[in-house]
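In what follows, a single structure is set out as C-alpha cells and then discussed.
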Amino acid sequence: MSLQIPISLEIRVDDLSGSEIADLIAIHSQTMLAQSPAESCHFLPLDGLRRPSVTTWTMWREGALVGCGALSDLGDGTGEIKSMHTREALRGQGFGRRMLEHILAEARARDYTALYLETGSMAGFLPARRLYEAYGFSYCGPFGDYRLDPNSVFMRLALEPATGPK
C-alpha cells in the first residue's frame with residue numbers, strides 16, 4: 001500500500017504562539033508521560049521549544065494542524081530531533097515521514113554533520129524507532145546531557161551537507 005500525503009500539506013516554521021500548537025504539545029507531553037516514567041521523558045515543553053537554538057515546524061492539511069517536529073542546534077555542527085508528533089488518528093498515513101524528511105533537509109542545509117535523537121525503548125515507541133531506522137539512523141550511546149537509561153534509546157545519523165561531500 002502506498003502512503004499518500006495530500007497536495008495541500010504545508011509545513012511551516014511556527015512561532016508557538018497559537019492555541020492549536022500549545023494543545024498539540026500538551027497532547028504530546030501527555031502521550032510521552034503515559035508511556036514512560038517522568039524521569040525518562042525528555043520532550044521539550046512549549047517554553048523549551050521557544051529557545052533560540054530550537055526551530056519548530058507545524059504540519060497543516062487543509063487548514064488543520066496534523067503534526068509537528070523540531071530541530072535543536074547542539075552547537076557543535078550537529079542537531080537533535082525533538083518533539084516529532086502526529087495526531088493519533090492520523091498515524092500511519094506518512095505524516096511522520098514527511099516531517100522527518102523536512103527536518104533532514106533542513107539539517108543538511110545547515111551543514112550539520114550528524115543528527116541525534118532520543119526516544120523510548122518501550123513497545124509503544126517501536127513505530128518511531130522503525131521510522132528512524134528506515135532513514136538510516138543507527139543506535140548509539142547517550143549524547144549531550146543524556147545518561148544511560150533503560151527507558152531510552154539513542155540514535156544517530158551521519159549527514160552529508162546539502163552540497164555533497166566536501
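In the C-alpha cells, each chain is lettered A, B, ... as it comes, each chain's residues begin at 1, and ligands are numbered from 1 in order of appearance.
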| said: With only C-alpha atoms as the counted atoms, please give the residues lying no more than 6 Å from range 54-68 of chain A, apart from itself and same-chain residues fewer than 3 positions off, as a list of chain:residue names. | reply: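 After dropping sequence-adjacent residues, the list is A:Ser8, A:Leu9, A:Glu10, A:Ile11, A:Arg12, A:Val13, A:Asp14, A:Leu49, A:Arg51, A:Leu71, A:Ser72, A:Met84, A:His85, A:Thr86, A:Arg87.
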Residue selection dump (N, CA and C atoms) as a JSON list (two decimals), in the first residue's frame:
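File result08.json, as written:
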```
[["chain", "number", "residue", "atom", "x", "y", "z"],
["A", 8, "SER", "N", -2.25, 19.44, -0.46],
["A", 8, "SER", "CA", -2.47, 20.63, 0.35],
["A", 8, "SER", "C", -1.67, 20.64, 1.65],
["A", 9, "LEU", "N", -0.77, 19.69, 1.84],
["A", 9, "LEU", "CA", 0.04, 19.65, 3.05],
["A", 9, "LEU", "C", 1.02, 20.81, 3.06],
["A", 10, "GLU", "N", 1.09, 21.51, 4.17],
["A", 10, "GLU", "CA", 2.00, 22.64, 4.33],
["A", 10, "GLU", "C", 2.80, 22.45, 5.62],
["A", 11, "ILE", "N", 4.11, 22.61, 5.52],
["A", 11, "ILE", "CA", 4.98, 22.60, 6.70],
["A", 11, "ILE", "C", 5.56, 23.99, 6.82],
["A", 12, "ARG", "N", 5.41, 24.59, 8.00],
["A", 12, "ARG", "CA", 5.92, 25.94, 8.19],
["A", 12, "ARG", "C", 6.52, 26.12, 9.58],
["A", 13, "VAL", "N", 7.48, 27.04, 9.66],
["A", 13, "VAL", "CA", 8.05, 27.39, 10.96],
["A", 13, "VAL", "C", 6.92, 27.97, 11.80],
["A", 14, "ASP", "N", 6.88, 27.58, 13.06],
["A", 14, "ASP", "CA", 5.81, 28.04, 13.94],
["A", 14, "ASP", "C", 6.41, 28.88, 15.05],
["A", 49, "LEU", "N", 10.72, 24.66, 23.62],
["A", 49, "LEU", "CA", 10.70, 24.76, 22.16],
["A", 49, "LEU", "C", 10.90, 26.20, 21.69],
["A", 51, "ARG", "N", 13.24, 28.18, 22.77],
["A", 51, "ARG", "CA", 14.65, 28.57, 22.86],
["A", 51, "ARG", "C", 15.17, 28.97, 21.47],
["A", 71, "LEU", "N", 13.85, 20.85, 15.60],
["A", 71, "LEU", "CA", 15.27, 20.59, 15.42],
["A", 71, "LEU", "C", 16.02, 21.51, 16.36],
["A", 72, "SER", "N", 16.82, 20.92, 17.24],
["A", 72, "SER", "CA", 17.63, 21.67, 18.18],
["A", 72, "SER", "C", 19.07, 21.69, 17.70],
["A", 84, "MET", "N", 8.76, 15.25, 17.67],
["A", 84, "MET", "CA", 8.04, 14.75, 16.49],
["A", 84, "MET", "C", 6.72, 14.18, 16.99],
["A", 85, "HIS", "N", 5.63, 14.67, 16.44],
["A", 85, "HIS", "CA", 4.31, 14.19, 16.88],
["A", 85, "HIS", "C", 3.31, 14.35, 15.74],
["A", 86, "THR", "N", 2.55, 13.29, 15.52],
["A", 86, "THR", "CA", 1.42, 13.31, 14.58],
["A", 86, "THR", "C", 0.17, 12.97, 15.38],
["A", 87, "ARG", "N", -0.90, 13.65, 15.10],
["A", 87, "ARG", "CA", -2.16, 13.35, 15.80],
["A", 87, "ARG", "C", -2.45, 11.85, 15.69]]
```
| query | Quick one: DSSP strand (DSSP E) residues in chain A, as a PyMOL selection string? | reply | chain A and resi 9-13+54-61+64-73+78-86+114-120+138-140+152-158
Generate a file of the selected residues that holds N, CA and C atoms, formatted as a compact mmCIF listing (two decimals), in the first residue's frame.
```txt
# COMPACT_ATOMS: atom_id res chain seq x y z
N LEU A 9 -0.77 19.69 1.84
CA LEU A 9 0.04 19.65 3.05
C LEU A 9 1.02 20.81 3.06
N GLU A 10 1.09 21.51 4.17
CA GLU A 10 2.00 22.64 4.33
C GLU A 10 2.80 22.45 5.62
N ILE A 11 4.11 22.61 5.52
CA ILE A 11 4.98 22.60 6.70
C ILE A 11 5.56 23.99 6.82
N ARG A 12 5.41 24.59 8.00
CA ARG A 12 5.92 25.94 8.19
C ARG A 12 6.52 26.12 9.58
N VAL A 13 7.48 27.04 9.66
CA VAL A 13 8.05 27.39 10.96
C VAL A 13 6.92 27.97 11.80
N VAL A 54 16.28 26.25 18.97
CA VAL A 54 15.30 25.27 18.52
C VAL A 54 14.40 25.89 17.45
N THR A 55 14.21 25.16 16.36
CA THR A 55 13.25 25.55 15.32
C THR A 55 12.13 24.52 15.34
N THR A 56 10.90 24.99 15.42
CA THR A 56 9.74 24.10 15.43
C THR A 56 8.92 24.35 14.18
N TRP A 57 8.52 23.24 13.56
CA TRP A 57 7.65 23.32 12.39
C TRP A 57 6.31 22.67 12.72
N THR A 58 5.27 23.20 12.15
CA THR A 58 3.96 22.57 12.23
C THR A 58 3.56 22.14 10.83
N MET A 59 2.77 21.08 10.79
CA MET A 59 2.31 20.50 9.54
C MET A 59 0.79 20.66 9.49
N TRP A 60 0.32 21.22 8.38
CA TRP A 60 -1.09 21.55 8.23
C TRP A 60 -1.65 20.89 6.99
N ARG A 61 -2.83 20.33 7.12
CA ARG A 61 -3.56 19.76 5.98
C ARG A 61 -4.93 20.41 5.93
N ALA A 64 -5.94 22.33 8.95
CA ALA A 64 -5.95 21.68 10.25
C ALA A 64 -4.52 21.25 10.63
N LEU A 65 -4.16 21.49 11.87
CA LEU A 65 -2.85 21.08 12.38
C LEU A 65 -2.82 19.56 12.53
N VAL A 66 -1.89 18.90 11.84
CA VAL A 66 -1.82 17.44 11.90
C VAL A 66 -0.59 16.92 12.62
N GLY A 67 0.44 17.77 12.77
CA GLY A 67 1.63 17.30 13.46
C GLY A 67 2.66 18.39 13.60
N CYS A 68 3.77 18.01 14.25
CA CYS A 68 4.85 18.96 14.46
C CYS A 68 6.17 18.21 14.57
N GLY A 69 7.22 18.97 14.51
CA GLY A 69 8.57 18.44 14.70
C GLY A 69 9.49 19.60 14.98
N ALA A 70 10.60 19.32 15.64
CA ALA A 70 11.54 20.38 15.98
C ALA A 70 12.96 19.89 15.79
N LEU A 71 13.85 20.85 15.60
CA LEU A 71 15.27 20.59 15.42
C LEU A 71 16.02 21.51 16.36
N SER A 72 16.82 20.92 17.24
CA SER A 72 17.63 21.67 18.18
C SER A 72 19.07 21.69 17.70
N ASP A 73 19.64 22.87 17.61
CA ASP A 73 21.05 23.03 17.24
C ASP A 73 21.88 22.74 18.48
N THR A 78 26.06 19.72 14.92
CA THR A 78 25.10 18.63 14.88
C THR A 78 23.76 19.14 15.41
N GLY A 79 22.74 18.34 15.22
CA GLY A 79 21.41 18.71 15.70
C GLY A 79 20.71 17.53 16.34
N GLU A 80 19.65 17.84 17.03
CA GLU A 80 18.83 16.81 17.68
C GLU A 80 17.38 16.99 17.26
N ILE A 81 16.75 15.91 16.84
CA ILE A 81 15.33 15.92 16.52
C ILE A 81 14.55 15.91 17.83
N LYS A 82 13.60 16.82 17.95
CA LYS A 82 12.77 16.93 19.15
C LYS A 82 11.30 16.99 18.75
N SER A 83 10.46 16.52 19.63
CA SER A 83 9.01 16.75 19.57
C SER A 83 8.35 16.37 18.26
N MET A 84 8.76 15.25 17.67
CA MET A 84 8.04 14.75 16.49
C MET A 84 6.72 14.18 16.99
N HIS A 85 5.63 14.67 16.44
CA HIS A 85 4.31 14.19 16.88
C HIS A 85 3.31 14.35 15.74
N THR A 86 2.55 13.29 15.52
CA THR A 86 1.42 13.31 14.58
C THR A 86 0.17 12.97 15.38
N ALA A 114 25.80 15.54 11.67
CA ALA A 114 25.03 14.41 12.21
C ALA A 114 23.75 14.93 12.86
N LEU A 115 22.79 14.03 12.93
CA LEU A 115 21.55 14.27 13.67
C LEU A 115 21.43 13.20 14.73
N TYR A 116 20.98 13.59 15.89
CA TYR A 116 20.76 12.68 17.01
C TYR A 116 19.30 12.73 17.42
N LEU A 117 18.90 11.72 18.17
CA LEU A 117 17.59 11.75 18.79
C LEU A 117 17.57 10.78 19.97
N GLU A 118 16.64 11.03 20.86
CA GLU A 118 16.34 10.14 21.98
C GLU A 118 14.88 9.79 21.85
N THR A 119 14.57 8.51 22.04
CA THR A 119 13.18 8.07 22.05
C THR A 119 13.05 6.95 23.06
N GLY A 120 11.85 6.51 23.29
CA GLY A 120 11.61 5.48 24.29
C GLY A 120 12.01 4.09 23.81
N SER A 138 21.14 4.87 13.26
CA SER A 138 21.63 3.69 13.97
C SER A 138 21.68 4.01 15.46
N TYR A 139 21.68 2.95 16.25
CA TYR A 139 21.68 3.11 17.70
C TYR A 139 23.07 3.52 18.16
N CYS A 140 23.09 4.39 19.16
CA CYS A 140 24.35 4.89 19.71
C CYS A 140 24.18 5.06 21.21
N SER A 152 15.22 4.62 27.60
CA SER A 152 15.59 5.47 26.47
C SER A 152 16.48 4.71 25.51
N VAL A 153 16.36 5.05 24.23
CA VAL A 153 17.33 4.63 23.23
C VAL A 153 17.79 5.90 22.52
N PHE A 154 19.02 5.85 22.04
CA PHE A 154 19.63 6.99 21.39
C PHE A 154 20.01 6.57 19.98
N MET A 155 19.83 7.48 19.04
CA MET A 155 20.10 7.16 17.65
C MET A 155 20.86 8.31 17.01
N ARG A 156 21.62 7.96 15.95
CA ARG A 156 22.45 8.94 15.26
C ARG A 156 22.42 8.66 13.76
N LEU A 157 22.46 9.73 12.99
CA LEU A 157 22.56 9.63 11.54
C LEU A 157 23.66 10.58 11.08
N ALA A 158 24.70 10.04 10.45
CA ALA A 158 25.73 10.88 9.85
C ALA A 158 25.14 11.54 8.62
```
| field | Members of range 57-161 of chain A assigned helix (DSSP H, G or I) by DSSP, as a ChimeraX atom specification | value | /A:88-90,95-109,123-134
| said: When you count only C-alpha atoms, which of these residues is closest to Ile21 in chain A: A:Phe95, A:Ser36, A:Leu46, A:Phe125? | reply: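 Of A:Phe95, A:Ser36, A:Leu46, A:Phe125, the one nearest Ile21 in chain A, counting only C-alpha atoms, is A:Leu46.
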| said: List as a list in words the protein and nucleic acid residues near Tyr135 in chain A, meaning an atom at most 10 Å away when only C-alpha atoms are counted, but skip any in the same chain fewer than 2 places from it. | reply: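 Returned residues: Arg97, Leu100, Glu101, Leu104, Arg130, Leu131, Tyr132, Glu133, Phe137, Ser138 and Leu157 of chain A.
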| Which of these, A:Asp76, A:Asp111, A:Pro127, A:Met122, has the shortest distance to Gly92 in chain A once you count only C-alpha atoms? | A:Pro127
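Among the candidates A:Glu106, A:Glu160, A:Asp47, A:Asp149, the residue lying nearest to Leu16 in chain A is A:Asp47 (atoms considered: only C-alpha atoms).
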| Which is closest to Leu148 in chain A among A:Tyr112, A:Gly96, A:Ile27, A:Ser121, if we use only C-alpha atoms? |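 Closest to Leu148 in chain A, using only C-alpha atoms: A:Ser121.
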